[in-house]
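K.L.:
Got a file for you: my_file14.tsv, TSV, C-alpha atoms.
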chain	number	residue	atom	x	y	z
A	1	MET	CA	-1.46	67.74	34.87
A	2	ASN	CA	-3.58	66.77	31.88
A	3	LEU	CA	-2.41	63.76	29.89
A	4	VAL	CA	-2.88	62.97	26.20
A	5	SER	CA	-2.66	59.25	25.49
A	6	ILE	CA	-1.75	57.94	22.04
A	7	VAL	CA	-3.54	54.61	21.99
A	8	ASP	CA	-1.18	51.73	21.20
A	9	TYR	CA	-2.99	48.72	19.75
A	10	GLY	CA	-0.23	47.39	17.52
A	11	SER	CA	-1.05	49.56	14.51
A	12	GLY	CA	-0.59	53.16	13.56
A	13	ASN	CA	2.10	55.74	12.99
A	14	LEU	CA	2.81	55.98	16.70
A	15	ARG	CA	6.32	57.45	16.64
A	16	SER	CA	5.49	60.24	14.18
A	17	VAL	CA	2.35	61.19	16.12
A	18	TYR	CA	4.26	61.11	19.41
A	19	ASN	CA	7.07	63.28	18.02
A	20	ALA	CA	4.61	65.82	16.62
A	21	VAL	CA	2.73	66.06	19.92
A	22	LYS	CA	5.97	66.29	21.88
A	23	GLN	CA	6.97	69.36	19.84
A	24	ILE	CA	4.00	71.37	21.02
A	25	LEU	CA	3.52	70.28	24.62
A	26	ASN	CA	4.82	72.61	27.30
A	27	LYS	CA	3.81	73.85	30.74
A	28	HIS	CA	1.44	76.39	29.17
A	29	THR	CA	-0.60	73.90	27.14
A	30	PHE	CA	-3.77	72.37	28.57
A	31	CYS	CA	-2.17	68.94	28.12
A	32	SER	CA	1.35	68.91	29.53
A	33	ASN	CA	2.26	65.25	29.16
A	34	VAL	CA	1.96	62.57	26.47
A	35	LYS	CA	2.20	58.78	26.60
A	36	VAL	CA	1.94	55.97	24.08
A	37	THR	CA	0.01	53.32	25.95
A	38	ASN	CA	-2.70	50.66	26.03
A	39	ASP	CA	-2.62	50.42	29.82
A	40	ILE	CA	-6.17	50.81	31.14
A	41	LYS	CA	-5.05	52.66	34.29
A	42	GLU	CA	-3.08	55.20	32.27
A	43	LEU	CA	-5.91	55.66	29.80
A	44	ASN	CA	-8.38	56.32	32.60
A	45	LYS	CA	-6.12	59.13	33.83
A	46	SER	CA	-6.08	60.78	30.42
A	47	SER	CA	-7.95	63.93	29.42
A	48	HIS	CA	-7.30	63.51	25.66
A	49	PHE	CA	-6.98	60.52	23.36
A	50	ILE	CA	-5.40	60.11	19.92
A	51	LEU	CA	-6.09	56.94	17.93
A	52	PRO	CA	-3.76	56.61	14.92
A	53	GLY	CA	-4.36	54.04	12.22
A	54	VAL	CA	-2.23	52.70	9.38
A	55	GLY	CA	-3.29	49.70	7.30
A	56	SER	CA	-6.72	48.25	6.58
A	57	PHE	CA	-10.00	48.95	8.36
A	58	LYS	CA	-10.46	45.27	9.20
A	59	GLY	CA	-6.83	44.78	10.23
A	60	CYS	CA	-6.79	47.79	12.55
A	61	LEU	CA	-10.02	46.74	14.23
A	62	LYS	CA	-8.71	43.19	14.69
A	63	GLY	CA	-5.58	44.55	16.34
A	64	PHE	CA	-7.59	46.93	18.50
A	65	TYR	CA	-10.02	44.30	19.77
A	66	SER	CA	-7.16	41.88	20.54
A	67	ASN	CA	-6.40	44.11	23.54
A	68	PRO	CA	-8.83	42.98	26.29
A	69	GLY	CA	-10.83	45.80	27.83
A	70	LEU	CA	-9.43	48.48	25.52
A	71	PHE	CA	-12.68	49.28	23.72
A	72	GLU	CA	-14.71	49.34	26.93
A	73	CYS	CA	-12.17	51.71	28.51
A	74	LEU	CA	-12.13	54.03	25.53
A	75	GLU	CA	-15.90	53.99	25.19
A	76	ASP	CA	-16.37	54.87	28.86
A	77	ASN	CA	-13.92	57.77	28.68
A	78	VAL	CA	-15.07	59.15	25.32
A	79	ILE	CA	-18.79	58.40	25.17
A	80	ASN	CA	-19.72	58.56	28.85
A	81	LYS	CA	-17.14	60.98	30.28
A	82	LYS	CA	-16.96	63.12	27.11
A	83	LYS	CA	-13.17	63.38	27.02
A	84	ALA	CA	-11.55	64.77	23.88
A	85	PHE	CA	-10.85	62.18	21.19
A	86	LEU	CA	-9.04	62.39	17.85
A	87	GLY	CA	-8.87	59.56	15.32
A	88	ILE	CA	-6.30	59.84	12.52
A	89	CYS	CA	-6.70	58.20	9.09
A	90	VAL	CA	-7.90	54.62	9.76
A	91	GLY	CA	-8.30	55.74	13.39
A	92	MET	CA	-10.95	58.12	12.05
A	93	GLN	CA	-12.52	55.45	9.84
A	94	MET	CA	-12.91	53.11	12.82
A	95	LEU	CA	-15.49	55.56	14.22
A	96	ALA	CA	-17.95	54.56	11.47
A	97	GLN	CA	-20.72	51.98	11.75
A	98	ARG	CA	-19.31	49.81	8.98
A	99	GLY	CA	-16.32	49.46	6.68
A	100	PHE	CA	-15.99	47.50	3.46
A	101	GLU	CA	-12.24	47.04	3.12
A	102	GLY	CA	-11.56	43.31	2.83
A	103	GLY	CA	-15.25	42.53	3.35
A	104	LYS	CA	-17.81	44.12	5.65
A	105	SER	CA	-16.68	44.85	9.20
A	106	LYS	CA	-18.36	46.57	12.11
A	107	GLY	CA	-16.73	49.77	13.39
A	108	PHE	CA	-17.14	51.59	16.71
A	109	GLY	CA	-20.42	53.13	15.55
A	110	TRP	CA	-19.68	56.46	17.24
A	111	ILE	CA	-20.43	58.50	14.12
A	112	ASP	CA	-23.10	57.36	11.67
A	113	GLY	CA	-21.64	56.40	8.32
A	114	ASP	CA	-19.74	53.85	6.25
A	115	VAL	CA	-16.16	53.56	5.04
A	116	GLN	CA	-16.10	52.88	1.31
A	117	LEU	CA	-13.52	52.59	-1.45
A	118	PHE	CA	-12.48	55.93	-2.92
A	119	SER	CA	-14.10	55.62	-6.36
A	120	LEU	CA	-12.98	58.00	-9.12
A	121	LYS	CA	-14.29	58.58	-12.63
A	122	ASP	CA	-11.06	60.23	-13.72
A	123	LYS	CA	-8.79	57.25	-14.42
A	124	SER	CA	-5.72	59.49	-14.56
A	125	LEU	CA	-6.01	59.91	-10.79
A	126	LYS	CA	-4.36	57.15	-8.79
A	127	ILE	CA	-5.61	55.26	-5.77
A	128	PRO	CA	-4.30	55.27	-3.09
A	129	HIS	CA	-4.57	59.03	-2.89
A	130	ILE	CA	-1.18	60.22	-1.67
A	131	GLY	CA	-0.09	63.81	-1.29
A	132	TRP	CA	-1.07	67.34	-0.36
A	133	ASN	CA	-4.61	68.66	-0.82
A	134	SER	CA	-6.38	71.82	0.23
A	135	LEU	CA	-8.95	71.83	3.04
A	136	SER	CA	-12.18	73.79	3.22
A	137	PHE	CA	-14.43	74.36	6.22
A	138	ASN	CA	-17.87	72.83	5.80
A	139	ASN	CA	-19.75	72.98	9.11
A	140	GLN	CA	-19.47	74.65	12.49
A	141	HIS	CA	-18.42	72.70	15.57
A	142	PRO	CA	-17.07	73.80	18.98
A	143	PHE	CA	-13.59	72.57	18.09
A	144	ILE	CA	-13.59	74.39	14.74
A	145	GLY	CA	-14.51	77.62	16.52
A	146	PHE	CA	-11.81	77.03	19.11
A	147	TRP	CA	-9.18	76.26	16.45
A	148	LYS	CA	-9.99	79.37	14.42
A	149	LYS	CA	-9.87	81.57	17.51
A	150	ASN	CA	-6.56	80.17	18.76
A	151	SER	CA	-4.76	79.36	15.51
A	152	ARG	CA	-1.30	80.76	14.85
A	153	MET	CA	-2.11	80.69	11.13
A	154	ASN	CA	-4.51	82.56	8.90
A	155	LEU	CA	-7.12	79.85	8.36
A	156	ASN	CA	-9.04	82.10	5.98
A	157	LYS	CA	-6.30	81.54	3.40
A	158	GLU	CA	-5.76	78.27	1.55
A	159	ILE	CA	-4.65	75.52	3.92
A	160	ASN	CA	-3.26	72.16	2.89
A	161	ALA	CA	-2.81	68.79	4.57
A	162	TYR	CA	-1.17	65.48	3.73
A	163	PHE	CA	-3.23	62.40	2.83
A	164	VAL	CA	-2.49	58.69	2.34
A	165	HIS	CA	-5.65	56.61	1.84
A	166	SER	CA	-7.71	54.41	-0.47
A	167	TYR	CA	-11.01	54.53	1.46
A	168	ILE	CA	-13.17	57.46	2.54
A	169	PHE	CA	-15.68	58.13	5.31
A	170	LYS	CA	-19.21	58.67	3.99
A	171	GLU	CA	-21.14	60.10	6.92
A	172	LYS	CA	-24.94	59.92	7.09
A	173	LEU	CA	-25.39	63.32	8.72
A	174	LYS	CA	-23.77	66.18	6.82
A	175	LYS	CA	-23.47	68.21	10.02
A	176	ASN	CA	-20.73	65.77	11.08
A	177	GLN	CA	-18.68	66.65	7.98
A	178	LEU	CA	-16.41	69.44	9.30
A	179	LEU	CA	-13.72	69.68	6.61
A	180	LEU	CA	-13.75	68.80	2.92
A	181	SER	CA	-11.02	68.14	0.42
A	182	ASN	CA	-11.15	67.36	-3.28
A	183	TYR	CA	-9.46	64.65	-5.32
A	184	GLY	CA	-11.54	64.01	-8.40
A	185	HIS	CA	-14.56	64.96	-6.27
A	186	ASP	CA	-15.24	66.31	-2.79
A	187	PHE	CA	-14.62	63.91	0.08
A	188	THR	CA	-14.65	64.16	3.85
A	189	ALA	CA	-11.36	65.32	5.32
A	190	MET	CA	-12.61	65.63	8.91
A	191	VAL	CA	-15.60	64.45	10.92
A	192	GLY	CA	-16.80	65.66	14.28
A	193	LYS	CA	-19.54	64.95	16.79
A	194	GLU	CA	-19.47	66.58	20.23
A	195	ASN	CA	-16.11	65.62	21.81
A	196	ILE	CA	-15.20	63.17	19.00
A	197	LEU	CA	-13.02	64.27	16.07
A	198	GLY	CA	-11.49	62.38	13.18
A	199	THR	CA	-9.19	63.44	10.34
A	200	GLN	CA	-8.63	61.58	7.09
A	201	PHE	CA	-5.44	63.60	6.67
A	202	HIS	CA	-2.33	63.08	8.79
A	203	PRO	CA	-1.74	66.10	11.07
A	204	GLU	CA	1.60	64.63	12.15
A	205	LYS	CA	2.79	64.76	8.51
A	206	SER	CA	1.18	68.09	7.60
A	207	GLN	CA	3.98	70.34	8.82
A	208	LYS	CA	2.92	73.80	10.10
A	209	LEU	CA	-0.81	73.24	9.51
A	210	GLY	CA	-0.70	69.86	11.24
A	211	LEU	CA	1.12	71.16	14.29
A	212	ASP	CA	-1.29	74.09	14.51
A	213	PHE	CA	-4.21	71.65	14.38
A	214	LEU	CA	-2.71	69.35	17.03
A	215	ARG	CA	-1.91	72.32	19.27
A	216	ALA	CA	-5.57	73.35	19.14
A	217	PHE	CA	-6.71	69.80	19.93
A	218	LEU	CA	-4.35	69.51	22.91
A	219	ASN	CA	-5.62	72.83	24.29
A	220	TRP	CA	-9.29	72.07	23.70
A	221	ASP	CA	-11.34	71.18	26.76
A	222	SER	CA	-14.26	69.30	25.18
A	223	ARG	CA	-16.23	69.27	28.43
A	224	VAL	CA	-16.54	73.06	28.67
Written as structure tokens, that's how I'd like the structure from this file.
P.N.:
Amino acid sequence: MNLVSIVDYGSGNLRSVYNAVKQILNKHTFCSNVKVTNDIKELNKSSHFILPGVGSFKGCLKGFYSNPGLFECLEDNVINKKKAFLGICVGMQMLAQRGFEGGKSKGFGWIDGDVQLFSLKDKSLKIPHIGWNSLSFNNQHPFIGFWKKNSRMNLNKEINAYFVHSYIFKEKLKKNQLLLSNYGHDFTAMVGKENILGTQFHPEKSQKLGLDFLRAFLNWDSRV
């Protein structure tokens, strides 16, 4: 029985993510169980990880690192054992090398790049960026191929997801930029590197598209 763990570090939209995942899990999905946990033993049993994040880059990292052994456990499972990982919103931003919200802070450093304020020339557009925006595919990745092959939607048509954010991920390697969106200008909606994925949008709030995306993630064996 494969387990998806939603990492509980005192921040993040845990209940909404849990409820969305619970909707799609069944005996036919690759993952058949879900837990919200920060217990090292449970995390080590997991095949998939979801790291939500709500709040500031610095605040989320502070909360995360206040859990002894949590980073080392996650790093061993994700970086060394290549288990599937999904960061959502600030959970995605934490993958970067650095963030500049509330001063410079060091991120996980799993994907090269910085988290910077969403700067717009069009002053009629408000920050934070809140609402629905279209997504466009930008680069190939094993997960993207898997999602397209197994989607219950027509991903060749316009697809939309829900965003709530003031900062954006500016990756150094464009090959890690899997999805784009546009709000005043193009920005990264999803990053990916090997078994590591991150979405700036909230799949758990993105209705049919979000559930389709999460279903693909929970069925994706990143080690194949």
K.L.:
Against range 188-203 of chain A, which residues of range 57-126 of chain A fall within 9 Å? For each one I want the closest pair of atoms and the distance in Å (one decimal), counting all atoms listed in the file, rows by chain and increasing residue number, as a tab-separated table.
P.N.:
residue	atom	partner	partner_atom	distance
A:Val78	CA	A:Asn195	CA	7.4
A:Ile79	CA	A:Asn195	CA	8.4
A:Lys82	CA	A:Asn195	CA	5.9
A:Lys83	CA	A:Asn195	CA	6.4
A:Ala84	CA	A:Asn195	CA	5.1
A:Phe85	CA	A:Ile196	CA	5.0
A:Leu86	CA	A:Leu197	CA	4.7
A:Gly87	CA	A:Gly198	CA	4.4
A:Ile88	CA	A:Thr199	CA	5.1
A:Cys89	CA	A:Gln200	CA	4.4
A:Val90	CA	A:Gln200	CA	7.5
A:Gly91	CA	A:Gly198	CA	7.4
A:Met92	CA	A:Gly198	CA	4.4
A:Gln93	CA	A:Gly198	CA	7.8
A:Leu95	CA	A:Gly198	CA	8.0
A:Trp110	CA	A:Ile196	CA	8.3
A:Ile111	CA	A:Lys193	CA	7.0
K.L.:
Which polymer residues have any atom within 8 Å of an atom of range 124-139 of chain A, counting all atoms listed in the file, with same-chain residues fewer than 3 positions away left out, as a tab-separated table (two decimals) with C-alpha atoms, in the coordinates of the input?
P.N.:
chain	number	residue	atom	x	y	z
A	118	PHE	CA	-12.48	55.93	-2.92
A	120	LEU	CA	-12.98	58.00	-9.12
A	158	GLU	CA	-5.76	78.27	1.55
A	159	ILE	CA	-4.65	75.52	3.92
A	160	ASN	CA	-3.26	72.16	2.89
A	161	ALA	CA	-2.81	68.79	4.57
A	162	TYR	CA	-1.17	65.48	3.73
A	163	PHE	CA	-3.23	62.40	2.83
A	164	VAL	CA	-2.49	58.69	2.34
A	165	HIS	CA	-5.65	56.61	1.84
A	166	SER	CA	-7.71	54.41	-0.47
A	175	LYS	CA	-23.47	68.21	10.02
A	176	ASN	CA	-20.73	65.77	11.08
A	177	GLN	CA	-18.68	66.65	7.98
A	178	LEU	CA	-16.41	69.44	9.30
A	179	LEU	CA	-13.72	69.68	6.61
A	180	LEU	CA	-13.75	68.80	2.92
A	181	SER	CA	-11.02	68.14	0.42
A	182	ASN	CA	-11.15	67.36	-3.28
A	183	TYR	CA	-9.46	64.65	-5.32
A	184	GLY	CA	-11.54	64.01	-8.40
A	189	ALA	CA	-11.36	65.32	5.32
K.L.:
From the set A:Val54, A:Leu74, A:Val7, A:Leu25, which residue has the shortest atom-to-atom contact distance to Leu214 in chain A, counting only C-alpha atoms?
P.N.:
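Smallest distance to Leu214 in chain A is found for A:Leu25.
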K.L.:
Using all atoms listed in the file, can you tell me which of A:Tyr65, A:Glu72, A:Lys27, A:Ser119 comes closest to Lys106 in chain A?
P.N.:
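Between A:Tyr65, A:Glu72, A:Lys27, A:Ser119, the residue approaching Lys106 in chain A most closely is A:Tyr65.
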K.L.:
I'd like the neighbourhood of Asp39 in chain A as a PyMOL selection string, where a residue qualifies if any of its atoms comes within 10 Å (using all atoms listed in the file), though same-chain residues fewer than 6 positions away should be ignored.
P.N.:
chain A and resi 5+7-8+67+69-70+73
K.L.:
Next, the residues of the selection above should be written as a short mmCIF file (atom, residue, chain, number, x, y, z; two decimals), keeping the file's coordinate frame with C-alpha atoms.
P.N.:
data_model
loop_
_atom_site.label_atom_id
_atom_site.label_comp_id
_atom_site.auth_asym_id
_atom_site.auth_seq_id
_atom_site.Cartn_x
_atom_site.Cartn_y
_atom_site.Cartn_z
CA SER A 5 -2.66 59.25 25.49
CA VAL A 7 -3.54 54.61 21.99
CA ASP A 8 -1.18 51.73 21.20
CA ASN A 67 -6.40 44.11 23.54
CA GLY A 69 -10.83 45.80 27.83
CA LEU A 70 -9.43 48.48 25.52
CA CYS A 73 -12.17 51.71 28.51
#
K.L.:
Which one is closest to Leu173 in chain A: A:Lys123, A:Asp112, A:Ser222, A:Lys148? Count all atoms listed in the file.
P.N.:
A:Asp112
K.L.:
Box for range 22-36 of chain A - axis-aligned, 8 Å on each of the six sides, all listed atoms - centre and size in Å to one decimal, as JSON.
P.N.:
{"center_x": 1.6, "center_y": 66.2, "center_z": 25.3, "size_x": 26.7, "size_y": 36.4, "size_z": 26.9}
K.L.:
For a test of reading the model, state the distance in Å between CA of Asn154 in chain A and CA of His48 in chain A, rounded to one decimal.
P.N.:
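Going from CA of Asn154 in chain A over to CA of His48 in chain A, I get 25.5 Å.
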K.L.:
Could you check the closest approach to Lys174 in chain A for each of A:Ser206, A:Ser32, A:Gln140, A:Ser151 and tell me which residue wins, using all atoms listed in the file?
P.N.:
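Residue with the minimum atom-to-atom distance to Lys174 in chain A: A:Gln140.
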K.L.:
Nearest to Leu3 in chain A among A:Arg15, A:Lys172, A:Asn219, A:Leu155, with distances taken over only C-alpha atoms: which residue is it?
P.N.:
A:Asn219
K.L.:
Could you tell me which of A:Asn38, A:Asn26, A:Asn19, A:Ser47 comes closest to Asp221 in chain A if we count only C-alpha atoms?
P.N.:
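The answer is A:Ser47, which sits nearest to Asp221 in chain A.
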K.L.:
Reconstruct range 117-148 of chain A at the level of N, CA and C atoms, and format the result as an mmCIF file, in the frame of the given file.
P.N.:
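The file below, selection_39.cif, is the result:
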data_model
loop_
_atom_site.group_PDB
_atom_site.id
_atom_site.type_symbol
_atom_site.label_atom_id
_atom_site.label_comp_id
_atom_site.auth_asym_id
_atom_site.auth_seq_id
_atom_site.Cartn_x
_atom_site.Cartn_y
_atom_site.Cartn_z
ATOM 1 N N LEU A 117 -14.638 52.374 -0.551
ATOM 2 C CA LEU A 117 -13.520 52.590 -1.450
ATOM 3 C C LEU A 117 -13.643 53.951 -2.125
ATOM 4 N N PHE A 118 -12.537 54.635 -2.251
ATOM 5 C CA PHE A 118 -12.480 55.930 -2.920
ATOM 6 C C PHE A 118 -12.618 55.662 -4.430
ATOM 7 N N SER A 119 -13.804 55.895 -4.953
ATOM 8 C CA SER A 119 -14.100 55.620 -6.360
ATOM 9 C C SER A 119 -13.987 56.890 -7.183
ATOM 10 N N LEU A 120 -13.224 56.833 -8.290
ATOM 11 C CA LEU A 120 -12.980 58.000 -9.120
ATOM 12 C C LEU A 120 -13.338 57.728 -10.577
ATOM 13 N N LYS A 121 -13.998 58.692 -11.205
ATOM 14 C CA LYS A 121 -14.290 58.580 -12.630
ATOM 15 C C LYS A 121 -13.071 58.910 -13.483
ATOM 16 N N ASP A 122 -12.255 59.817 -12.997
ATOM 17 C CA ASP A 122 -11.060 60.230 -13.720
ATOM 18 C C ASP A 122 -9.971 59.173 -13.527
ATOM 19 N N LYS A 123 -9.730 58.359 -14.533
ATOM 20 C CA LYS A 123 -8.790 57.250 -14.420
ATOM 21 C C LYS A 123 -7.333 57.695 -14.389
ATOM 22 N N SER A 124 -7.091 58.984 -14.658
ATOM 23 C CA SER A 124 -5.720 59.490 -14.560
ATOM 24 C C SER A 124 -5.306 59.715 -13.105
ATOM 25 N N LEU A 125 -6.295 59.734 -12.211
ATOM 26 C CA LEU A 125 -6.010 59.910 -10.790
ATOM 27 C C LEU A 125 -5.797 58.542 -10.139
ATOM 28 N N LYS A 126 -4.754 58.426 -9.364
ATOM 29 C CA LYS A 126 -4.360 57.150 -8.790
ATOM 30 C C LYS A 126 -4.937 56.944 -7.390
ATOM 31 N N ILE A 127 -5.239 55.691 -7.111
ATOM 32 C CA ILE A 127 -5.610 55.260 -5.770
ATOM 33 C C ILE A 127 -4.573 54.222 -5.336
ATOM 34 N N PRO A 128 -3.952 54.337 -4.156
ATOM 35 C CA PRO A 128 -4.300 55.270 -3.090
ATOM 36 C C PRO A 128 -4.001 56.739 -3.428
ATOM 37 N N HIS A 129 -4.785 57.591 -2.796
ATOM 38 C CA HIS A 129 -4.570 59.030 -2.890
ATOM 39 C C HIS A 129 -3.449 59.393 -1.930
ATOM 40 N N ILE A 130 -2.343 59.862 -2.489
ATOM 41 C CA ILE A 130 -1.180 60.220 -1.670
ATOM 42 C C ILE A 130 -0.731 61.619 -2.041
ATOM 43 N N GLY A 131 -0.625 62.479 -1.037
ATOM 44 C CA GLY A 131 -0.090 63.810 -1.290
ATOM 45 C C GLY A 131 -0.853 64.916 -0.590
ATOM 46 N N TRP A 132 -0.514 66.140 -0.981
ATOM 47 C CA TRP A 132 -1.070 67.340 -0.360
ATOM 48 C C TRP A 132 -2.343 67.780 -1.076
ATOM 49 N N ASN A 133 -3.358 68.118 -0.279
ATOM 50 C CA ASN A 133 -4.610 68.660 -0.820
ATOM 51 C C ASN A 133 -5.118 69.770 0.076
ATOM 52 N N SER A 134 -5.823 70.701 -0.531
ATOM 53 C CA SER A 134 -6.380 71.820 0.230
ATOM 54 C C SER A 134 -7.570 71.363 1.064
ATOM 55 N N LEU A 135 -7.819 72.079 2.142
ATOM 56 C CA LEU A 135 -8.950 71.830 3.040
ATOM 57 C C LEU A 135 -9.898 73.004 2.981
ATOM 58 N N SER A 136 -11.188 72.717 3.124
ATOM 59 C CA SER A 136 -12.180 73.790 3.220
ATOM 60 C C SER A 136 -13.134 73.480 4.361
ATOM 61 N N PHE A 137 -13.503 74.525 5.092
ATOM 62 C CA PHE A 137 -14.430 74.360 6.220
ATOM 63 C C PHE A 137 -15.835 74.160 5.695
ATOM 64 N N ASN A 138 -16.548 73.200 6.315
ATOM 65 C CA ASN A 138 -17.870 72.830 5.800
ATOM 66 C C ASN A 138 -18.983 73.039 6.802
ATOM 67 N N ASN A 139 -18.728 72.810 8.081
ATOM 68 C CA ASN A 139 -19.750 72.980 9.110
ATOM 69 C C ASN A 139 -19.119 73.507 10.392
ATOM 70 N N GLN A 140 -19.929 74.153 11.204
ATOM 71 C CA GLN A 140 -19.470 74.650 12.490
ATOM 72 C C GLN A 140 -19.464 73.526 13.528
ATOM 73 N N HIS A 141 -18.564 73.659 14.474
ATOM 74 C CA HIS A 141 -18.420 72.700 15.570
ATOM 75 C C HIS A 141 -17.618 73.419 16.643
ATOM 76 N N PRO A 142 -17.827 73.101 17.927
ATOM 77 C CA PRO A 142 -17.070 73.800 18.980
ATOM 78 C C PRO A 142 -15.556 73.760 18.773
ATOM 79 N N PHE A 143 -15.034 72.627 18.313
ATOM 80 C CA PHE A 143 -13.590 72.570 18.090
ATOM 81 C C PHE A 143 -13.164 73.492 16.955
ATOM 82 N N ILE A 144 -13.935 73.523 15.872
ATOM 83 C CA ILE A 144 -13.590 74.390 14.740
ATOM 84 C C ILE A 144 -13.531 75.840 15.194
ATOM 85 N N GLY A 145 -14.517 76.259 15.980
ATOM 86 C CA GLY A 145 -14.510 77.620 16.520
ATOM 87 C C GLY A 145 -13.298 77.877 17.401
ATOM 88 N N PHE A 146 -12.961 76.906 18.224
ATOM 89 C CA PHE A 146 -11.810 77.030 19.110
ATOM 90 C C PHE A 146 -10.513 77.122 18.310
ATOM 91 N N TRP A 147 -10.396 76.267 17.297
ATOM 92 C CA TRP A 147 -9.180 76.260 16.450
ATOM 93 C C TRP A 147 -9.013 77.595 15.744
ATOM 94 N N LYS A 148 -10.082 78.093 15.135
ATOM 95 C CA LYS A 148 -9.990 79.370 14.420
ATOM 96 C C LYS A 148 -9.604 80.511 15.353
#
